[in-house]
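Heads up, structure_34.cif below (mmCIF, C-alpha atoms):
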```
data_query
loop_
_atom_site.label_atom_id
_atom_site.label_comp_id
_atom_site.auth_asym_id
_atom_site.auth_seq_id
_atom_site.Cartn_x
_atom_site.Cartn_y
_atom_site.Cartn_z
CA MET A 1 104.38 -33.50 75.23
CA LEU A 2 103.07 -31.24 77.91
CA THR A 3 105.72 -29.99 80.27
CA ARG A 4 106.49 -27.09 82.60
CA GLU A 5 109.84 -25.61 81.52
CA ARG A 6 111.70 -22.68 83.04
CA GLY A 7 113.28 -20.15 80.67
CA LEU A 8 116.81 -21.22 79.77
CA SER A 9 118.10 -17.63 79.71
CA ALA A 10 116.96 -17.14 83.31
CA VAL A 11 118.64 -20.39 84.39
CA TRP A 12 121.86 -19.46 82.56
CA ALA A 13 121.83 -15.98 84.16
CA ALA A 14 121.28 -17.50 87.62
CA LEU A 15 124.23 -19.87 87.09
CA VAL A 16 126.54 -17.03 85.99
CA ILE A 17 125.44 -14.76 88.85
CA LEU A 18 125.94 -17.57 91.40
CA THR A 19 129.44 -18.14 89.95
CA GLY A 20 130.15 -14.43 90.43
CA ILE A 21 128.92 -14.56 94.04
CA SER A 22 131.22 -17.55 94.74
CA TRP A 23 134.13 -15.62 93.24
CA ALA A 24 133.36 -12.59 95.45
CA LEU A 25 133.04 -14.83 98.53
CA ASN A 26 136.48 -16.29 97.78
CA HIS A 27 137.99 -12.82 97.87
CA ALA A 28 136.12 -12.04 101.09
CA ILE A 29 137.42 -15.06 102.99
CA VAL A 30 139.15 -13.76 106.11
CA GLY A 31 139.63 -14.95 109.69
CA SER A 32 136.75 -16.48 111.58
CA ALA A 33 134.27 -15.94 108.76
CA ARG A 34 136.14 -18.57 106.72
CA LEU A 35 133.78 -21.39 107.72
CA VAL A 36 130.69 -19.39 106.79
CA GLU A 37 132.11 -18.46 103.40
CA THR A 38 133.34 -21.98 102.65
CA GLY A 39 129.90 -23.31 103.57
CA ALA A 40 128.26 -20.70 101.35
CA ILE A 41 130.56 -21.50 98.40
CA LEU A 42 129.80 -25.25 98.67
CA THR A 43 126.07 -24.60 99.06
CA ILE A 44 126.05 -22.35 95.98
CA ALA A 45 127.86 -25.10 94.00
CA LEU A 46 125.20 -27.65 94.90
CA VAL A 47 122.38 -25.18 94.09
CA LYS A 48 123.99 -24.72 90.65
CA ILE A 49 124.17 -28.50 90.08
CA ARG A 50 120.50 -28.78 91.00
CA LEU A 51 119.62 -26.06 88.46
CA VAL A 52 121.59 -27.88 85.75
CA GLY A 53 119.84 -31.15 86.61
CA LEU A 54 116.30 -29.84 86.86
CA ASP A 55 116.32 -27.32 84.00
CA PHE A 56 119.07 -28.30 81.55
CA MET A 57 118.72 -32.08 81.94
CA ALA A 58 114.93 -31.55 82.20
CA LEU A 59 114.67 -33.70 85.32
CA ARG A 60 111.95 -31.32 86.56
CA ASN A 61 109.66 -33.21 84.17
CA ALA A 62 111.22 -36.65 84.68
CA PRO A 63 109.48 -39.52 86.50
CA ARG A 64 109.57 -38.97 90.24
CA PRO A 65 112.04 -41.80 91.09
CA LEU A 66 114.70 -40.43 88.71
CA ARG A 67 114.26 -36.91 90.05
CA LEU A 68 114.45 -38.17 93.64
CA ILE A 69 117.66 -40.11 92.92
CA PHE A 70 119.21 -36.94 91.48
CA GLU A 71 118.02 -34.73 94.33
CA GLY A 72 119.25 -37.35 96.82
CA TYR A 73 122.68 -37.30 95.17
CA VAL A 74 122.84 -33.50 95.43
CA ILE A 75 121.88 -33.53 99.13
CA ALA A 76 124.30 -36.39 99.96
CA LEU A 77 127.17 -34.64 98.14
CA TRP A 78 126.37 -31.37 99.90
CA ILE A 79 126.44 -33.02 103.35
CA MET A 80 129.66 -34.91 102.54
CA LEU A 81 131.50 -31.81 101.29
CA LEU A 82 130.33 -29.66 104.20
CA ALA A 83 131.49 -32.34 106.66
CA LEU A 84 134.91 -32.70 105.01
CA PHE A 85 135.68 -29.05 104.34
CA LEU A 86 134.17 -27.46 107.44
CA ALA A 87 135.61 -30.08 109.81
CA ALA A 88 139.11 -29.46 108.46
CA MET B 1 80.56 -34.26 72.77
CA GLN B 2 82.85 -32.19 70.55
CA ASP B 3 82.63 -29.27 72.98
CA GLU B 4 83.56 -31.58 75.80
CA ARG B 5 86.60 -32.90 73.90
CA ARG B 6 87.69 -29.36 73.02
CA THR B 7 87.44 -28.37 76.68
CA VAL B 8 89.67 -31.28 77.70
CA VAL B 9 92.22 -30.42 75.00
CA GLU B 10 92.24 -26.74 75.98
CA ARG B 11 92.69 -27.61 79.62
CA ASP B 12 95.64 -29.88 78.74
CA ILE B 13 97.30 -27.17 76.67
CA HIS B 14 96.81 -24.32 79.07
CA GLU B 15 97.15 -26.12 82.36
CA PRO B 16 99.68 -28.92 81.99
CA ASP B 17 99.86 -31.06 85.10
CA PRO B 18 103.53 -31.88 85.69
CA ASP B 19 102.53 -34.51 88.23
CA ALA B 20 100.53 -36.51 85.72
CA SER B 21 102.52 -39.63 84.85
CA GLU B 22 101.86 -39.24 81.10
CA SER B 23 103.50 -35.77 81.10
CA ARG B 24 106.63 -37.09 82.80
CA HIS B 25 109.40 -38.30 80.58
CA ILE B 26 112.87 -39.80 81.05
CA PRO B 27 115.36 -37.66 79.07
CA GLY B 28 117.33 -40.14 76.94
CA GLU B 29 117.57 -43.91 77.39
CA ALA B 30 116.72 -45.11 80.89
CA GLY B 31 119.93 -47.19 80.87
CA LEU B 32 122.02 -44.09 80.20
CA TRP B 33 121.01 -42.77 83.61
CA ILE B 34 122.78 -45.70 85.25
CA LEU B 35 125.95 -44.54 83.48
CA ILE B 36 125.39 -40.86 84.34
CA MET B 37 124.60 -41.45 88.01
CA GLY B 38 127.44 -44.00 88.20
CA GLU B 39 129.91 -41.45 86.83
CA MET B 40 128.63 -38.83 89.26
CA VAL B 41 129.05 -41.23 92.20
CA ILE B 42 132.61 -42.10 91.09
CA PHE B 43 133.49 -38.39 90.92
CA ALA B 44 131.90 -37.90 94.37
CA MET B 45 134.25 -40.58 95.71
CA VAL B 46 137.25 -38.77 94.20
CA PHE B 47 136.00 -35.52 95.82
CA ALA B 48 135.81 -37.40 99.14
CA VAL B 49 139.38 -38.73 98.79
CA PHE B 50 140.56 -35.19 98.01
CA GLY B 51 138.69 -33.79 101.05
CA VAL B 52 140.05 -36.46 103.40
CA HIS B 53 143.62 -36.03 102.10
CA ARG B 54 143.32 -32.27 102.61
CA ILE B 55 142.62 -32.66 106.35
CA GLY B 56 145.80 -31.74 108.24
CA ARG B 57 147.34 -30.15 105.14
CA GLU B 58 144.92 -27.22 104.83
CA LEU B 59 147.62 -24.54 104.83
CA GLN B 60 149.67 -26.16 102.06
CA PHE B 61 146.58 -26.97 100.00
CA ASP B 62 145.21 -23.44 100.42
CA GLN B 63 148.52 -21.87 99.37
CA ALA B 64 148.68 -24.15 96.33
CA SER B 65 145.03 -23.37 95.51
CA GLY B 66 145.88 -19.66 95.69
CA SER B 67 148.55 -20.13 93.04
CA LEU B 68 145.95 -21.27 90.46
CA ASN B 69 144.68 -18.71 87.97
CA LEU B 70 141.20 -18.03 89.40
CA THR B 71 140.22 -15.88 86.42
CA LEU B 72 140.75 -18.85 84.08
CA GLY B 73 138.69 -21.04 86.43
CA VAL B 74 135.80 -18.56 86.44
CA LEU B 75 136.10 -18.13 82.67
CA ASN B 76 135.89 -21.88 82.10
CA THR B 77 132.86 -22.11 84.40
CA VAL B 78 130.99 -19.47 82.41
CA ILE B 79 132.07 -21.14 79.15
CA LEU B 80 130.81 -24.58 80.18
CA VAL B 81 127.55 -23.28 81.67
CA SER B 82 126.90 -21.34 78.44
CA SER B 83 127.68 -24.41 76.33
CA SER B 84 125.24 -26.44 78.41
CA ALA B 85 122.55 -23.78 77.95
CA PHE B 86 122.98 -23.91 74.15
CA VAL B 87 122.63 -27.71 74.21
CA ALA B 88 119.46 -27.43 76.33
CA ALA B 89 118.08 -24.87 73.84
CA ALA B 90 118.80 -27.21 70.91
CA VAL B 91 117.07 -30.13 72.65
CA ARG B 92 113.99 -28.01 73.38
CA THR B 93 113.79 -27.06 69.69
CA LEU B 94 114.14 -30.67 68.53
CA ARG B 95 111.52 -31.66 71.11
CA GLY B 96 109.19 -29.00 69.76
CA THR B 97 109.13 -26.74 72.82
CA GLY B 98 111.84 -24.25 71.82
CA THR B 99 112.59 -21.84 69.01
CA ALA B 100 116.41 -21.59 68.83
CA PRO B 101 117.89 -22.99 65.58
CA ALA B 102 119.08 -26.41 66.79
CA SER B 103 122.15 -26.88 64.57
CA LYS B 104 123.41 -23.34 65.30
CA ALA B 105 122.90 -23.82 69.04
CA LEU B 106 124.78 -27.13 68.88
CA ALA B 107 127.61 -25.52 66.89
CA ALA B 108 127.89 -22.79 69.55
CA ALA B 109 127.93 -25.44 72.30
CA ILE B 110 130.71 -27.36 70.53
CA GLY B 111 132.72 -24.16 69.97
CA LEU B 112 132.47 -23.29 73.65
CA GLY B 113 133.45 -26.85 74.60
CA LEU B 114 136.58 -26.54 72.46
CA LEU B 115 137.30 -23.15 74.03
CA PHE B 116 137.07 -24.81 77.47
CA CYS B 117 139.72 -27.33 76.36
CA GLY B 118 141.93 -24.51 75.05
CA VAL B 119 141.73 -22.58 78.33
CA LYS B 120 142.51 -25.81 80.20
CA VAL B 121 145.68 -26.34 78.13
CA VAL B 122 146.80 -22.76 78.92
CA GLU B 123 146.14 -23.47 82.59
CA TYR B 124 148.09 -26.75 82.54
CA ILE B 125 151.10 -24.90 81.12
CA HIS B 126 150.73 -22.28 83.89
CA VAL B 127 150.48 -24.91 86.67
CA ALA B 128 153.39 -26.96 85.29
CA HIS B 129 155.67 -23.95 85.83
CA ILE B 130 154.66 -23.27 89.45
CA PRO B 131 157.48 -24.19 91.89
CA HIS B 132 156.09 -26.16 94.84
CA THR B 133 156.84 -28.17 97.99
CA SER B 134 155.89 -31.85 98.37
CA SER B 135 152.70 -31.13 100.42
CA ALA B 136 151.59 -28.59 97.86
CA GLY B 137 152.60 -31.20 95.27
CA ASP B 138 149.77 -33.41 96.56
CA PHE B 139 147.32 -30.61 95.77
CA TYR B 140 148.66 -30.31 92.23
CA LEU B 141 148.44 -34.09 91.86
CA TYR B 142 144.72 -33.89 92.73
CA PHE B 143 144.39 -30.88 90.44
CA PHE B 144 145.64 -32.91 87.48
CA ILE B 145 143.66 -36.04 88.45
CA LEU B 146 140.34 -34.17 88.88
CA THR B 147 140.67 -31.85 85.90
CA GLY B 148 142.26 -34.57 83.73
CA LEU B 149 139.44 -37.04 84.44
CA HIS B 150 136.97 -34.27 83.76
CA LEU B 151 138.73 -33.29 80.53
CA VAL B 152 138.42 -36.87 79.24
CA HIS B 153 134.66 -36.62 79.83
CA VAL B 154 134.59 -33.23 78.06
CA LEU B 155 136.22 -34.82 75.00
CA ILE B 156 133.75 -37.76 75.00
CA GLY B 157 130.85 -35.32 75.37
CA LEU B 158 132.19 -33.17 72.54
CA ALA B 159 132.44 -36.22 70.25
CA VAL B 160 128.76 -37.03 70.96
CA LEU B 161 127.73 -33.40 70.39
CA VAL B 162 129.54 -33.34 67.02
CA LEU B 163 127.64 -36.49 66.00
CA ILE B 164 124.31 -34.92 66.98
CA TRP B 165 125.23 -31.64 65.25
CA ARG B 166 126.13 -33.43 61.99
CA ARG B 167 122.82 -35.31 62.04
CA SER B 168 120.89 -32.11 62.79
CA ARG B 169 122.54 -30.42 59.78
CA ALA B 170 121.76 -33.42 57.60
CA GLY B 171 118.13 -33.23 58.77
CA THR B 172 118.15 -36.84 59.98
CA LEU B 173 117.09 -36.07 63.52
CA GLY B 174 113.46 -37.07 63.59
CA ALA B 175 111.33 -37.79 66.61
CA ARG B 176 112.72 -41.34 66.75
CA ARG B 177 116.26 -40.00 67.20
CA LEU B 178 115.19 -37.61 69.96
CA ILE B 179 116.05 -40.13 72.65
CA PHE B 180 119.65 -40.22 71.35
CA VAL B 181 119.83 -36.41 71.31
CA GLU B 182 118.46 -36.17 74.85
CA GLY B 183 120.92 -38.80 76.07
CA GLY B 184 123.92 -37.03 74.52
CA ALA B 185 122.71 -33.70 75.90
CA CYS B 186 122.31 -35.11 79.42
CA TYR B 187 125.85 -36.49 79.26
CA TRP B 188 127.08 -32.99 78.38
CA HIS B 189 125.08 -31.48 81.24
CA MET B 190 126.68 -34.05 83.56
CA VAL B 191 130.11 -32.82 82.40
CA ASP B 192 128.96 -29.28 83.21
CA ALA B 193 127.59 -30.30 86.64
CA LEU B 194 130.82 -32.06 87.59
CA TRP B 195 132.84 -28.96 86.74
CA LEU B 196 130.54 -26.90 88.97
CA ILE B 197 131.87 -28.95 91.93
CA ILE B 198 135.50 -29.28 90.77
CA PHE B 199 135.79 -25.50 90.34
CA PRO B 200 135.00 -24.49 93.96
CA LEU B 201 136.90 -27.44 95.45
CA LEU B 202 140.15 -26.58 93.64
CA TYR B 203 139.92 -22.79 93.24
CA LEU B 204 137.65 -21.34 95.91
CA VAL B 205 137.41 -23.32 99.13
CA ARG B 206 139.78 -22.25 101.92
#
```
Is it possible to express this structure as structure tokens?
Amino acid sequence: MLTRERGLSAVWAALVILTGISWALNHAIVGSARLVETGAILTIALVKIRLVGLDFMALRNAPRPLRLIFEGYVIALWIMLLALFLAA
Amino acid sequence: MQDERRTVVERDIHEPDPDASESRHIPGEAGLWILIMGEMVIFAMVFAVFGVHRIGRELQFDQASGSLNLTLGVLNTVILVSSSAFVAAAVRTLRGTGTAPASKALAAAIGLGLLFCGVKVVEYIHVAHIPHTSSAGDFYLYFFILTGLHLVHVLIGLAVLVLIWRRSRAGTLGARRLIFVEGGACYWHMVDALWLIIFPLLYLVR
């Protein structure tokens, strides 16, 4: 099978680094910047899910409809969480 | 004629076209994806209920969230992401596009999955001893619902991984079984992906 696959070590490192950034953002949450940091934390979470889907689940090489359903789920979840947690 | 065929083969090897329909492939059984996407939608609905319930109780929820052990949450995130990476490496080897020893990678993934469960038990003991008010109690209720539901999926995923690992050690994972391996692996990655949302919602968001 001929596929384009990203290095798993690079994906793993990106996921760990993004987790570290979220952790640091949590500690930095103060005052009026709270909304920005909450938005950033939720956005990072959805970027991580997309990485898991495309590179670990190998959806990058899946038929387009399946990949679009997954990407649509990620975008819909991102919008829903931003609306719920930033509106609060 | 032979030269022409060789040229086509070389072009296919060196310049794979990911948009070509023949190079695209559903990981696992197509039907499994109905289960995986269904599970992910159900969890999204639980996230929505949590988010709606939090509105108007932000202060209590944030205080309760602050009482969780963030270090254990981060640790479990790294553990699960690493486990998922080992599973992906094993699948690539069984598919013929990776080099990591599949059974060792699967064993590492299972070990990390068990470690995740162990850390979760330690955390449950910690949370059970936190004194709290009734509003904060709602947060802890969601904490146990979300992480408990997730833990059930971790255990199911681990059972599937053990089955795949045993077959890989027995050498009975041929190309025909690859679809089963890919399906089990995708289920495990779903478990990982769900945790990547549960973690910020419970531990990080303020």
Could you give me, as a Markdown table, a per-residue list for chain A showing, wherever an atom lies at most 8 Å from an atom of chain B, the closest pair of atoms and their distance in Å to one decimal, using all atoms listed in the file and sorting by chain then residue number from low to high?
```
| residue | atom | partner | partner_atom | distance |
| --- | --- | --- | --- | --- |
| A:Met1 | CA | B:Ser23 | CA | 6.4 |
| A:Leu2 | CA | B:Ser23 | CA | 5.6 |
| A:Thr3 | CA | B:Pro18 | CA | 6.1 |
| A:Arg4 | CA | B:Pro18 | CA | 6.4 |
| A:Leu8 | CA | B:Ala85 | CA | 6.5 |
| A:Ser9 | CA | B:Ala85 | CA | 7.8 |
| A:Trp12 | CA | B:Ala85 | CA | 6.4 |
| A:Leu15 | CA | B:Val81 | CA | 7.2 |
| A:Val16 | CA | B:Val78 | CA | 6.2 |
| A:Thr19 | CA | B:Val74 | CA | 7.3 |
| A:Ser22 | CA | B:Leu204 | CA | 7.6 |
| A:Trp23 | CA | B:Leu204 | CA | 7.2 |
| A:Asn26 | CA | B:Leu204 | CA | 5.5 |
| A:Ile29 | CA | B:Arg206 | CA | 7.6 |
| A:Arg34 | CA | B:Arg206 | CA | 7.1 |
| A:Thr38 | CA | B:Val205 | CA | 5.5 |
| A:Ile41 | CA | B:Pro200 | CA | 7.0 |
| A:Leu42 | CA | B:Pro200 | CA | 7.1 |
| A:Ala45 | CA | B:Ile197 | CA | 5.9 |
| A:Leu46 | CA | B:Ile197 | CA | 7.4 |
| A:Lys48 | CA | B:Leu196 | CA | 7.1 |
| A:Ile49 | CA | B:Ala193 | CA | 5.2 |
| A:Val52 | CA | B:Ala193 | CA | 6.5 |
| A:Gly53 | CA | B:His189 | CA | 7.5 |
| A:Phe56 | CA | B:Ala88 | CA | 5.3 |
| A:Met57 | CA | B:Cys186 | CA | 5.3 |
| A:Ala58 | CA | B:Pro27 | CA | 6.9 |
| A:Leu59 | CA | B:Pro27 | CA | 7.4 |
| A:Asn61 | CA | B:Arg24 | CA | 5.1 |
| A:Ala62 | CA | B:His25 | CA | 4.8 |
| A:Pro63 | CA | B:Arg24 | CA | 5.3 |
| A:Leu66 | CA | B:Ile26 | CA | 7.9 |
| A:Phe70 | CA | B:Met37 | CA | 7.8 |
| A:Leu77 | CA | B:Ala44 | CA | 6.9 |
| A:Met80 | CA | B:Ala48 | CA | 7.5 |
| A:Leu81 | CA | B:Ala48 | CA | 7.4 |
| A:Leu84 | CA | B:Gly51 | CA | 5.6 |
| A:Phe85 | CA | B:Gly51 | CA | 6.5 |
| A:Ala88 | CA | B:Ile55 | CA | 5.2 |
```
Keeping C-alpha atoms, export the residues of the selection given above as a PDB file, in the coordinates of the input.
```pdb
ATOM      1  CA  MET A   1     104.380 -33.500  75.230  1.00  0.00           C
ATOM      2  CA  LEU A   2     103.070 -31.240  77.910  1.00  0.00           C
ATOM      3  CA  THR A   3     105.720 -29.990  80.270  1.00  0.00           C
ATOM      4  CA  ARG A   4     106.490 -27.090  82.600  1.00  0.00           C
ATOM      5  CA  LEU A   8     116.810 -21.220  79.770  1.00  0.00           C
ATOM      6  CA  SER A   9     118.100 -17.630  79.710  1.00  0.00           C
ATOM      7  CA  TRP A  12     121.860 -19.460  82.560  1.00  0.00           C
ATOM      8  CA  LEU A  15     124.230 -19.870  87.090  1.00  0.00           C
ATOM      9  CA  VAL A  16     126.540 -17.030  85.990  1.00  0.00           C
ATOM     10  CA  THR A  19     129.440 -18.140  89.950  1.00  0.00           C
ATOM     11  CA  SER A  22     131.220 -17.550  94.740  1.00  0.00           C
ATOM     12  CA  TRP A  23     134.130 -15.620  93.240  1.00  0.00           C
ATOM     13  CA  ASN A  26     136.480 -16.290  97.780  1.00  0.00           C
ATOM     14  CA  ILE A  29     137.420 -15.060 102.990  1.00  0.00           C
ATOM     15  CA  ARG A  34     136.140 -18.570 106.720  1.00  0.00           C
ATOM     16  CA  THR A  38     133.340 -21.980 102.650  1.00  0.00           C
ATOM     17  CA  ILE A  41     130.560 -21.500  98.400  1.00  0.00           C
ATOM     18  CA  LEU A  42     129.800 -25.250  98.670  1.00  0.00           C
ATOM     19  CA  ALA A  45     127.860 -25.100  94.000  1.00  0.00           C
ATOM     20  CA  LEU A  46     125.200 -27.650  94.900  1.00  0.00           C
ATOM     21  CA  LYS A  48     123.990 -24.720  90.650  1.00  0.00           C
ATOM     22  CA  ILE A  49     124.170 -28.500  90.080  1.00  0.00           C
ATOM     23  CA  VAL A  52     121.590 -27.880  85.750  1.00  0.00           C
ATOM     24  CA  GLY A  53     119.840 -31.150  86.610  1.00  0.00           C
ATOM     25  CA  PHE A  56     119.070 -28.300  81.550  1.00  0.00           C
ATOM     26  CA  MET A  57     118.720 -32.080  81.940  1.00  0.00           C
ATOM     27  CA  ALA A  58     114.930 -31.550  82.200  1.00  0.00           C
ATOM     28  CA  LEU A  59     114.670 -33.700  85.320  1.00  0.00           C
ATOM     29  CA  ASN A  61     109.660 -33.210  84.170  1.00  0.00           C
ATOM     30  CA  ALA A  62     111.220 -36.650  84.680  1.00  0.00           C
ATOM     31  CA  PRO A  63     109.480 -39.520  86.500  1.00  0.00           C
ATOM     32  CA  LEU A  66     114.700 -40.430  88.710  1.00  0.00           C
ATOM     33  CA  PHE A  70     119.210 -36.940  91.480  1.00  0.00           C
ATOM     34  CA  LEU A  77     127.170 -34.640  98.140  1.00  0.00           C
ATOM     35  CA  MET A  80     129.660 -34.910 102.540  1.00  0.00           C
ATOM     36  CA  LEU A  81     131.500 -31.810 101.290  1.00  0.00           C
ATOM     37  CA  LEU A  84     134.910 -32.700 105.010  1.00  0.00           C
ATOM     38  CA  PHE A  85     135.680 -29.050 104.340  1.00  0.00           C
ATOM     39  CA  ALA A  88     139.110 -29.460 108.460  1.00  0.00           C
TER      40      ALA A  88
END
```
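Relative to atom CA of B:Glu39, atom CA of A:Ile75 is found at 16.7 Å.
Closest approach to B:Ile110 among B:Leu173, B:Ala128, B:Leu59, B:Val160: B:Val160, based on only C-alpha atoms.
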How many Å separate atom CA of B:Ala90 from atom CA of B:Lys104? 8.2 Å
So the first atom is atom CA of B:Val162 and the second is atom CA of A:Ala14; what is the distance between them in Å, to one decimal place? 27.3 Å
In terms of all atoms listed in the file, the residue from B:Thr93, B:His129, B:Phe144, B:Thr99 at minimal distance from B:Ser67 is B:His129
Excluding A:Leu86 and any residue of its chain fewer than 6 positions from it, enumerate the residues within 9 Å of it, using only C-alpha atoms, and give them as a ChimeraX atom specification. /A:35-36,38-39
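Using all atoms listed in the file, the contacts of stretch 116-120 of chain B at a cut-off of 7 Å, with sequence neighbours closer than 4 positions omitted, comprise Leu72, Asn76, Ile79, Leu80, Leu112 and Tyr124 of chain B.
The residue that comes closest to B:Gly113, out of B:Ile145, B:Leu163, B:Leu158, B:Leu151 and on the basis of all atoms listed in the file, is B:Leu158.
Distances here use all atoms listed in the file; by that measure, the residue among A:Asp55, A:Gly72, A:Ala28, A:Arg67 closest to A:Gly7 is A:Asp55.
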